[in-house]
$ cat query14.txt   # compact mmCIF, C-alpha atoms
# COMPACT_ATOMS: atom_id res chain seq x y z
CA MET A 4 20.32 -45.55 43.48
CA ASN A 5 18.03 -42.94 41.89
CA ASN A 6 15.59 -43.35 44.78
CA ILE A 7 18.40 -42.65 47.28
CA LYS A 8 19.43 -39.51 45.39
CA LYS A 9 15.82 -38.32 45.25
CA LYS A 10 15.52 -38.94 48.98
CA TYR A 11 18.58 -36.80 49.75
CA ILE A 12 17.37 -34.06 47.39
CA ALA A 13 14.01 -34.02 49.20
CA TYR A 14 15.81 -33.70 52.56
CA ILE A 15 17.90 -30.79 51.23
CA ILE A 16 14.81 -29.00 49.89
CA ILE A 17 12.92 -29.43 53.18
CA ALA A 18 15.92 -28.22 55.21
CA THR A 19 16.32 -25.20 52.91
CA VAL A 20 12.65 -24.26 53.26
CA ILE A 21 12.82 -24.57 57.05
CA ILE A 22 15.99 -22.44 57.28
CA TYR A 23 14.48 -19.81 54.97
CA GLY A 24 11.30 -19.71 57.05
CA ILE A 25 13.27 -19.26 60.28
CA VAL A 26 15.40 -16.46 58.80
CA ARG A 27 12.45 -14.75 57.08
CA TYR A 28 10.18 -14.84 60.13
CA PHE A 29 12.90 -14.79 62.80
CA ASN A 30 11.05 -12.49 65.24
CA THR A 31 7.90 -14.60 65.10
CA VAL A 32 9.84 -17.86 65.43
CA GLU A 33 11.85 -16.40 68.33
CA GLY A 34 8.63 -15.43 70.08
CA TYR A 35 7.18 -18.93 69.69
CA ILE A 36 10.43 -20.50 70.89
CA GLY A 37 10.44 -18.19 73.92
CA ASN A 38 6.84 -19.10 74.79
CA ILE A 39 7.51 -22.81 74.37
CA THR A 40 10.66 -22.56 76.50
CA LYS A 41 8.78 -20.66 79.20
CA ALA A 42 6.02 -23.26 79.21
CA LEU A 43 8.53 -26.13 79.47
CA MET A 44 10.63 -24.56 82.25
CA PRO A 45 8.58 -26.07 85.14
CA PHE A 46 9.00 -29.53 83.61
CA ALA A 47 12.74 -29.01 83.09
CA ALA A 48 13.03 -27.85 86.70
CA GLY A 49 10.99 -30.88 87.78
CA ALA A 50 13.33 -33.20 85.90
CA VAL A 51 16.40 -31.65 87.57
CA MET A 52 14.66 -31.83 90.95
CA ALA A 53 13.80 -35.49 90.35
CA TYR A 54 17.42 -36.26 89.45
CA ILE A 55 18.73 -34.69 92.68
CA ILE A 56 16.01 -36.17 94.89
CA ASN A 57 16.60 -39.58 93.29
CA ILE A 58 20.01 -39.69 95.00
CA LEU A 59 18.28 -39.40 98.37
CA MET A 60 15.55 -41.78 97.28
CA ASP A 61 18.05 -44.50 96.37
CA PHE A 62 19.60 -44.16 99.82
CA TYR A 63 16.22 -44.52 101.56
CA GLU A 64 15.21 -47.44 99.31
CA ASP A 65 18.43 -49.32 100.05
CA LEU A 66 17.86 -48.71 103.76
CA LEU A 67 14.21 -49.83 103.73
CA LEU A 68 14.78 -52.88 101.51
CA LYS A 69 16.84 -54.40 104.31
CA LYS A 70 13.74 -54.51 106.53
CA PHE A 71 10.75 -54.59 104.14
CA HIS A 72 9.98 -56.31 100.82
CA ASN A 73 6.98 -54.49 99.32
CA LYS A 74 8.64 -52.40 96.59
CA LYS A 75 5.61 -50.17 95.86
CA ILE A 76 5.25 -49.13 99.49
CA ILE A 77 9.02 -48.68 99.82
CA ARG A 78 9.08 -46.47 96.68
CA THR A 79 6.24 -44.28 97.99
CA VAL A 80 7.76 -43.95 101.48
CA SER A 81 11.20 -43.22 99.99
CA ILE A 82 9.81 -40.44 97.78
CA VAL A 83 7.99 -38.86 100.72
CA LEU A 84 11.09 -39.05 102.93
CA SER A 85 13.33 -37.68 100.16
CA ILE A 86 11.10 -34.69 99.38
CA PHE A 87 10.64 -34.05 103.10
CA THR A 88 14.42 -34.09 103.62
CA PHE A 89 14.99 -31.84 100.60
CA VAL A 90 12.38 -29.28 101.74
CA LEU A 91 13.48 -29.50 105.39
CA VAL A 92 17.09 -28.67 104.52
CA ILE A 93 16.01 -25.67 102.42
CA VAL A 94 13.65 -24.39 105.14
CA LEU A 95 16.30 -24.78 107.85
CA LEU A 96 18.90 -22.97 105.78
CA LEU A 97 16.53 -20.14 104.91
CA GLY A 98 15.48 -19.98 108.56
CA LEU A 99 19.13 -19.52 109.47
CA ILE A 100 20.13 -17.05 106.75
CA ILE A 101 17.08 -14.74 106.46
CA PRO A 102 16.92 -13.73 110.18
CA GLN A 103 20.63 -12.91 110.07
CA LEU A 104 20.14 -10.73 106.98
CA ILE A 105 17.24 -8.94 108.67
CA LYS A 106 19.40 -8.45 111.76
CA ILE A 107 22.16 -6.93 109.61
CA MET A 108 19.68 -4.54 107.96
CA PHE A 109 18.35 -3.35 111.30
CA SER A 110 21.86 -3.05 112.72
CA ILE A 111 22.89 -0.84 109.80
CA MET A 112 19.67 1.19 109.99
CA TYR A 113 20.13 1.88 113.68
CA THR A 114 23.91 2.24 113.79
CA ASN A 115 24.82 4.85 116.43
CA PRO A 116 22.55 7.83 115.60
CA GLY A 117 25.05 10.07 117.46
CA ASP A 118 27.58 9.56 114.65
CA ILE A 119 25.04 10.60 112.04
CA LYS A 120 24.20 13.68 114.10
CA LYS A 121 27.89 14.61 114.29
CA ILE A 122 28.21 14.32 110.50
CA ILE A 123 25.21 16.60 109.96
CA GLU A 124 26.56 19.16 112.47
CA SER A 125 29.95 19.04 110.76
CA ILE A 126 28.34 19.76 107.40
CA GLY A 127 26.52 22.75 108.90
CA LYS A 128 29.61 24.19 110.66
CA ASN A 129 31.86 23.93 107.63
CA ASN A 130 29.25 25.44 105.27
CA ILE A 131 29.76 22.53 102.88
CA VAL A 132 26.47 23.21 101.10
CA ASP A 133 27.44 26.86 100.47
CA LYS A 134 30.87 25.81 99.20
CA ILE A 135 29.33 23.28 96.79
CA ALA A 136 26.87 25.92 95.58
CA ASP A 137 29.71 28.40 94.96
CA MET A 138 31.68 25.79 93.04
CA MET A 139 28.65 25.12 90.82
CA ASN A 140 27.82 28.85 90.48
CA ILE A 141 24.42 28.39 92.13
CA ASP A 142 22.81 31.28 94.01
CA ILE A 143 21.06 29.57 96.94
CA ASN A 144 19.12 32.72 97.86
CA ASN A 145 17.38 32.83 94.46
CA ILE A 146 16.38 29.16 94.44
CA ASP A 147 12.60 28.66 94.44
CA ILE A 148 12.44 26.00 97.15
CA SER A 149 8.63 25.90 97.22
CA GLY A 150 8.57 25.37 93.46
CA TYR A 151 10.99 22.47 93.73
CA VAL A 152 8.97 20.95 96.56
CA THR A 153 5.78 21.25 94.50
CA LYS A 154 7.42 19.55 91.52
CA LEU A 155 8.75 16.84 93.81
CA ILE A 156 5.28 16.15 95.25
CA ARG A 157 3.75 15.99 91.77
CA SER A 158 6.50 13.63 90.63
CA VAL A 159 5.95 11.38 93.63
CA MET A 160 2.19 11.34 93.13
CA SER A 161 2.56 10.51 89.44
CA SER A 162 4.87 7.66 90.40
CA VAL A 163 2.34 6.14 92.82
CA GLY A 164 0.38 4.61 89.94
CA ASN A 165 3.50 3.04 88.47
CA ILE A 166 4.46 1.71 91.90
CA LEU A 167 1.02 0.16 92.37
CA MET A 168 1.19 -1.44 88.93
CA GLY A 169 4.63 -2.77 89.79
CA VAL A 170 3.31 -4.24 93.06
CA ILE A 171 0.42 -5.91 91.23
CA SER A 172 2.85 -7.28 88.66
CA LYS A 173 5.11 -8.66 91.41
CA ILE A 174 2.14 -10.30 93.14
CA SER A 175 1.06 -11.86 89.85
CA GLY A 176 4.61 -13.06 89.23
CA PHE A 177 4.74 -14.53 92.73
CA PHE A 178 1.59 -16.59 92.16
CA ASN A 179 2.88 -17.70 88.76
CA THR A 180 6.11 -18.82 90.45
CA ILE A 181 4.11 -20.76 93.06
CA ILE A 182 2.15 -22.51 90.29
CA SER A 183 5.38 -23.30 88.39
CA VAL A 184 7.01 -24.74 91.53
CA PHE A 185 3.93 -26.87 92.22
CA MET A 186 3.96 -28.19 88.64
CA ALA A 187 7.69 -28.94 88.91
CA VAL A 188 7.19 -30.89 92.16
CA VAL A 189 4.28 -32.89 90.73
CA PHE A 190 6.26 -33.68 87.57
CA ALA A 191 9.26 -34.71 89.68
CA ILE A 192 7.06 -37.10 91.68
CA TYR A 193 5.72 -38.67 88.48
CA ILE A 194 9.29 -39.19 87.21
CA LEU A 195 10.40 -40.73 90.52
CA MET A 196 7.40 -43.05 90.70
CA ASP A 197 7.85 -44.35 87.13
CA LYS A 198 11.58 -43.96 86.52
CA GLU A 199 12.00 -47.62 85.51
CA ARG A 200 9.15 -47.43 83.00
CA ILE A 201 10.54 -44.16 81.57
CA ALA A 202 13.92 -45.87 81.13
CA VAL A 203 12.26 -48.78 79.29
CA GLN A 204 10.35 -46.38 77.02
CA GLY A 205 13.55 -44.49 76.23
CA ASP A 206 15.25 -47.78 75.38
CA LYS A 207 12.40 -48.71 73.03
CA LEU A 208 12.76 -45.36 71.22
CA LEU A 209 16.48 -45.99 70.76
CA ARG A 210 15.82 -49.50 69.44
CA ALA A 211 13.19 -48.17 67.03
CA PHE A 212 14.96 -45.08 65.65
CA LEU A 213 18.68 -45.51 66.44
CA PRO A 214 19.27 -49.26 66.67
CA SER A 215 22.90 -49.04 65.52
CA LYS A 216 23.70 -46.25 68.01
CA ARG A 217 21.73 -47.59 70.98
CA ASP A 218 24.66 -49.10 72.88
CA SER A 219 26.81 -46.01 72.34
CA VAL A 220 24.07 -43.64 73.50
CA ILE A 221 23.37 -45.71 76.63
CA ASP A 222 27.09 -45.90 77.37
CA VAL A 223 27.51 -42.12 77.13
CA LEU A 224 24.40 -41.50 79.27
CA ARG A 225 25.71 -43.93 81.88
CA ILE A 226 29.05 -42.09 82.01
CA PHE A 227 27.38 -38.68 82.41
CA ASN A 228 25.01 -40.04 85.07
CA THR A 229 27.92 -41.45 87.09
CA SER A 230 29.85 -38.18 86.85
CA PHE A 231 26.90 -36.01 87.88
CA ARG A 232 25.92 -38.31 90.73
CA ASN A 233 29.43 -38.50 92.16
CA TYR A 234 29.84 -34.77 91.67
CA PHE A 235 26.72 -33.83 93.64
CA ILE A 236 27.68 -36.12 96.52
CA SER A 237 31.28 -34.90 96.62
CA GLN A 238 30.16 -31.25 96.40
CA VAL A 239 28.06 -31.70 99.54
CA LYS A 240 31.03 -33.35 101.28
CA GLU A 241 33.31 -30.49 100.25
CA ALA A 242 30.84 -27.87 101.54
CA ILE A 243 30.62 -29.66 104.90
CA ILE A 244 34.44 -29.81 105.14
CA LEU A 245 34.72 -26.08 104.41
CA GLY A 246 32.01 -25.18 106.93
CA VAL A 247 33.57 -27.29 109.70
CA LEU A 248 37.08 -26.01 108.97
CA LEU A 249 35.95 -22.37 109.03
CA TYR A 250 33.98 -22.96 112.25
CA ILE A 251 37.06 -24.38 114.01
CA VAL A 252 39.26 -21.48 112.92
CA MET A 253 36.62 -18.88 113.89
CA ILE A 254 36.26 -20.45 117.35
CA ILE A 255 40.03 -20.35 117.80
CA ALA A 256 40.09 -16.69 116.68
CA ARG A 257 37.09 -15.96 119.00
CA LEU A 258 35.05 -14.38 116.23
CA PRO A 259 31.27 -13.78 116.65
CA TYR A 260 28.56 -15.69 114.75
CA ALA A 261 30.93 -18.64 114.21
CA SER A 262 28.21 -21.26 113.75
CA SER A 263 25.86 -19.12 111.62
CA ILE A 264 28.58 -17.87 109.27
CA SER A 265 30.17 -21.32 108.94
CA ILE A 266 26.85 -22.87 107.89
CA LEU A 267 26.18 -19.95 105.54
CA VAL A 268 29.61 -20.29 103.89
CA GLY A 269 29.12 -24.05 103.63
CA VAL A 270 25.78 -23.61 101.86
CA THR A 271 27.05 -21.00 99.40
CA ALA A 272 30.08 -23.24 98.77
CA LEU A 273 27.75 -25.61 96.92
CA ILE A 274 28.44 -23.23 94.04
CA PRO A 275 31.83 -24.58 92.94
CA VAL A 276 35.02 -22.67 93.80
CA ILE A 277 33.46 -19.16 93.77
CA GLY A 278 30.37 -19.74 95.91
CA ALA A 279 31.96 -19.26 99.32
CA TYR A 280 32.83 -15.64 98.49
CA ALA A 281 29.12 -14.83 98.69
CA GLY A 282 29.26 -16.19 102.24
CA LEU A 283 32.31 -14.00 102.85
CA PHE A 284 30.35 -10.87 101.89
CA ILE A 285 27.37 -11.64 104.14
CA GLY A 286 29.61 -12.84 106.97
CA THR A 287 31.63 -9.62 106.77
CA LEU A 288 28.47 -7.55 107.16
CA MET A 289 27.34 -9.66 110.10
CA ILE A 290 30.63 -9.28 111.99
CA LEU A 291 30.88 -5.58 111.11
CA THR A 292 27.80 -4.96 113.27
CA LYS A 293 29.84 -6.24 116.23
CA SER A 294 33.40 -5.05 115.68
CA PHE A 295 35.47 -3.55 112.87
CA SER A 296 38.66 -5.28 114.05
CA SER A 297 36.84 -8.65 114.16
CA MET A 298 35.69 -8.04 110.59
CA ILE A 299 39.29 -7.57 109.42
CA ILE A 300 40.35 -10.75 111.22
CA PHE A 301 37.42 -12.65 109.67
CA ILE A 302 38.35 -11.52 106.15
CA ILE A 303 41.94 -12.72 106.68
CA VAL A 304 40.81 -16.02 108.24
CA HIS A 305 38.23 -16.68 105.50
CA THR A 306 40.73 -15.87 102.74
CA VAL A 307 43.33 -18.27 104.15
CA VAL A 308 40.80 -21.08 104.70
CA GLN A 309 39.21 -20.50 101.29
CA GLN A 310 42.52 -20.60 99.45
CA PHE A 311 43.50 -23.78 101.28
CA GLU A 312 40.14 -25.34 100.43
CA ASN A 313 40.07 -24.19 96.78
CA ASN A 314 43.60 -25.28 95.90
CA ILE A 315 44.06 -28.40 98.03
CA ILE A 316 40.80 -29.88 99.36
CA TYR A 317 38.40 -29.11 96.48
CA PRO A 318 40.47 -30.51 93.58
CA ARG A 319 41.25 -33.66 95.58
CA VAL A 320 37.76 -34.34 97.00
CA VAL A 321 35.73 -33.39 93.92
CA GLY A 322 38.33 -34.19 91.28
CA SER A 323 39.06 -37.67 92.64
CA SER A 324 35.36 -38.52 93.00
CA VAL A 325 34.55 -37.68 89.37
CA GLY A 326 37.87 -38.88 87.96
CA LEU A 327 39.02 -35.43 86.80
CA PRO A 328 42.54 -34.17 87.67
CA GLY A 329 42.62 -31.13 89.96
CA MET A 330 44.11 -28.88 87.27
CA TRP A 331 41.21 -29.58 84.89
CA VAL A 332 38.65 -29.01 87.68
CA ILE A 333 39.82 -25.41 88.01
CA VAL A 334 39.93 -24.95 84.21
CA ALA A 335 36.41 -26.43 83.81
CA VAL A 336 34.94 -24.14 86.49
CA ALA A 337 36.54 -21.04 84.93
CA LEU A 338 35.37 -21.99 81.43
CA GLY A 339 31.87 -22.97 82.58
CA GLY A 340 31.44 -19.71 84.48
CA SER A 341 32.49 -17.60 81.48
CA LEU A 342 30.15 -19.47 79.13
CA GLY A 343 27.10 -20.17 81.28
CA GLY A 344 27.30 -18.07 84.43
CA ILE A 345 26.20 -19.76 87.67
CA PHE A 346 24.52 -22.63 85.81
CA GLY A 347 27.70 -23.17 83.81
CA VAL A 348 29.73 -23.32 87.03
CA PHE A 349 27.37 -25.96 88.46
CA VAL A 350 27.56 -28.34 85.50
CA ALA A 351 31.11 -27.64 84.28
CA VAL A 352 32.92 -30.21 86.43
CA PRO A 353 30.70 -33.27 85.77
CA VAL A 354 30.48 -32.46 82.05
CA ALA A 355 34.27 -32.04 81.84
CA ALA A 356 34.77 -35.26 83.83
CA SER A 357 32.50 -37.19 81.46
CA LEU A 358 34.23 -35.84 78.35
CA TYR A 359 37.65 -36.49 79.92
CA PHE A 360 36.73 -40.13 80.64
CA ILE A 361 35.35 -40.70 77.12
CA LEU A 362 38.38 -39.08 75.46
CA LYS A 363 40.80 -41.01 77.68
CA ARG A 364 39.05 -44.31 76.94
CA GLU A 365 38.93 -43.73 73.18
CA THR A 366 42.58 -42.65 73.17
CA LEU A 367 43.64 -45.85 74.92
CA LYS A 368 41.58 -47.91 72.46
CA ARG A 369 43.27 -46.29 69.47
CA LEU A 370 46.73 -46.69 70.96
$ encode --input "query14.txt" --output "structure tokens"
Amino acid sequence: MNNIKKKYIAYIIIATVIIYGIVRYFNTVEGYIGNITKALMPFAAGAVMAYIINILMDFYEDLLLKKFHNKKIIRTVSIVLSIFTFVLVIVLLLGLIIPQLIKIMFSIMYTNPGDIKKIIESIGKNNIVDKIADMMNIDINNIDISGYVTKLIRSVMSSVGNILMGVISKISGFFNTIISVFMAVVFAIYILMDKERIAVQGDKLLRAFLPSKRDSVIDVLRIFNTSFRNYFISQVKEAIILGVLLYIVMIIARLPYASSISILVGVTALIPVIGAYAGLFIGTLMILTKSFSSMIIFIIVHTVVQQFENNIIYPRVVGSSVGLPGMWVIVAVALGGSLGGIFGVFVAVPVAASLYFILKRETLKRL
């Protein structure tokens, strides 16, 4: 009994010392935590990438196992096909979106120079500059224009060095990003190749350190895995439904860029509930370069389709697949977005679905 009390006292003393050290040297500890987090980010990204790619890999493995029996070769081929599919989809989507954005920029840059000329002539005829100067009690005739120009040139020249340093910093950041992405991909491949062995090692750790909680931990992890897996699959289905539905309505309304905007809205719709509004913004700019009246029609069409999809299709497709009622899907997305931003929106539904299932099951057990 005395040994147990001494053990707890030792734990309390150690915890107190650790808490005091963190509070006393908070800035130093925060710096170390930030550096460690930054160093681990590529591996965390690789783990997330491996989880998503594993869904594709399971599909390819099930397909290949029907014709072949060498599991090592099937695993390797499935990983290659999954990564190729993942990268191909991203490249195709970027190849569709980026040219359209460039086209919008050029369209805006070269929008009817005659209109700009008319605006400038109108400013000159109405003496707007003189009126503004009178309102601000500025005597234009006594302004030292050459002095202002000289100061402007000096300011620009002094800013060149900062601009160059910024460019160098951006280039360095770009290469660091490339290295981080490469490390994440390599780590993801290692996880995918040895996922069974990693699962066995995790099970051994649970047996060694949490033997009484092992079954409960595995059960909870299984529930979360099922929710996330079903959620990702249903989210892709929902995005495809939205894209197809918008395409049909845009064709009926004879709006331009129907296929490009529909695919764009479908891709951005992968961000739950709110994502398609990003597609609305870009699509509005695209159609504005063609016709103002078509832009108004597109906004109305998109709003109607989006509301129909958000309130009827999304809660049924996603909510039913993860076992979460439609009402709680909307609540989870709103709460996740307020707490964690875009990342919170992504994970809110599967996390809420898992907690809902666990709470429902435990409630039924107690009753």
$ closest_residue --input "query14.txt" --among "A:Leu273, A:Ile93, A:Val80, A:Ile25" --to "Ile236 of chain A" --atoms "all atoms listed in the file"
A:Leu273
$ closest_residue --input "query14.txt" --among "A:Val336, A:Ile316, A:Leu99, A:Met186" --to "Met44 of chain A" --atoms "all atoms listed in the file"
A:Met186
$ atom_distance --input "query14.txt" --atom1 "atom CA of Met196 of chain A" --atom2 "atom CA of Asn57 of chain A"
10.2 Å
$ atom_distance --input "query14.txt" --atom1 "atom CA of Leu66 of chain A" --atom2 "atom CA of Gly49 of chain A"
24.9 Å
$ residues_around --input "query14.txt" --residues "Arg257 of chain A" --least-positions-apart "6" --cutoff "10 Å" --atoms "all atoms listed in the file" --output "VMD selection string"
chain A and resid 251 297 300 to 301
$ atom_distance --input "query14.txt" --atom1 "atom CA of Leu258 of chain A" --atom2 "atom CA of Phe311 of chain A"
19.6 Å
$ closest_residue --input "query14.txt" --among "A:Ile17, A:Val239, A:Met253, A:Ala272" --to "Met298 of chain A" --atoms "all atoms listed in the file"
A:Met253
$ residues_around --input "query14.txt" --residues "Ala356 of chain A" --least-positions-apart "5" --cutoff "10 Å" --atoms "all atoms listed in the file" --output "short mmCIF file (atom, residue, chain, number, x, y, z; two decimals) with C-alpha atoms, in the frame of the given file"
data_model
loop_
_atom_site.label_atom_id
_atom_site.label_comp_id
_atom_site.auth_asym_id
_atom_site.auth_seq_id
_atom_site.Cartn_x
_atom_site.Cartn_y
_atom_site.Cartn_z
CA ILE A 226 29.05 -42.09 82.01
CA PHE A 227 27.38 -38.68 82.41
CA THR A 229 27.92 -41.45 87.09
CA SER A 230 29.85 -38.18 86.85
CA PHE A 231 26.90 -36.01 87.88
CA TYR A 234 29.84 -34.77 91.67
CA GLY A 322 38.33 -34.19 91.28
CA SER A 324 35.36 -38.52 93.00
CA VAL A 325 34.55 -37.68 89.37
CA GLY A 326 37.87 -38.88 87.96
CA LEU A 327 39.02 -35.43 86.80
CA PRO A 328 42.54 -34.17 87.67
CA TRP A 331 41.21 -29.58 84.89
CA VAL A 332 38.65 -29.01 87.68
CA ALA A 335 36.41 -26.43 83.81
CA ALA A 351 31.11 -27.64 84.28
CA ILE A 361 35.35 -40.70 77.12
CA LEU A 362 38.38 -39.08 75.46
#
$ residues_around --input "query14.txt" --residues "segment 199-202 of chain A" --least-positions-apart "4" --cutoff "12 Å" --atoms "all atoms listed in the file" --output "count of residues only"
11
$ residues_around --input "query14.txt" --residues "Val270 of chain A" --least-positions-apart "4" --cutoff "9 Å" --atoms "all atoms listed in the file" --output "PyMOL selection string"
chain A and resi 96+239+242-243+246+265-266+274+278-279+282
$ closest_residue --input "query14.txt" --among "A:Arg232, A:Val304, A:Ile77, A:Arg364" --to "Ile254 of chain A" --atoms "all atoms listed in the file"
A:Val304
$ closest_residue --input "query14.txt" --among "A:Ala18, A:Val188, A:Ala47, A:Ile333" --to "Ile82 of chain A" --atoms "only C-alpha atoms"
A:Val188
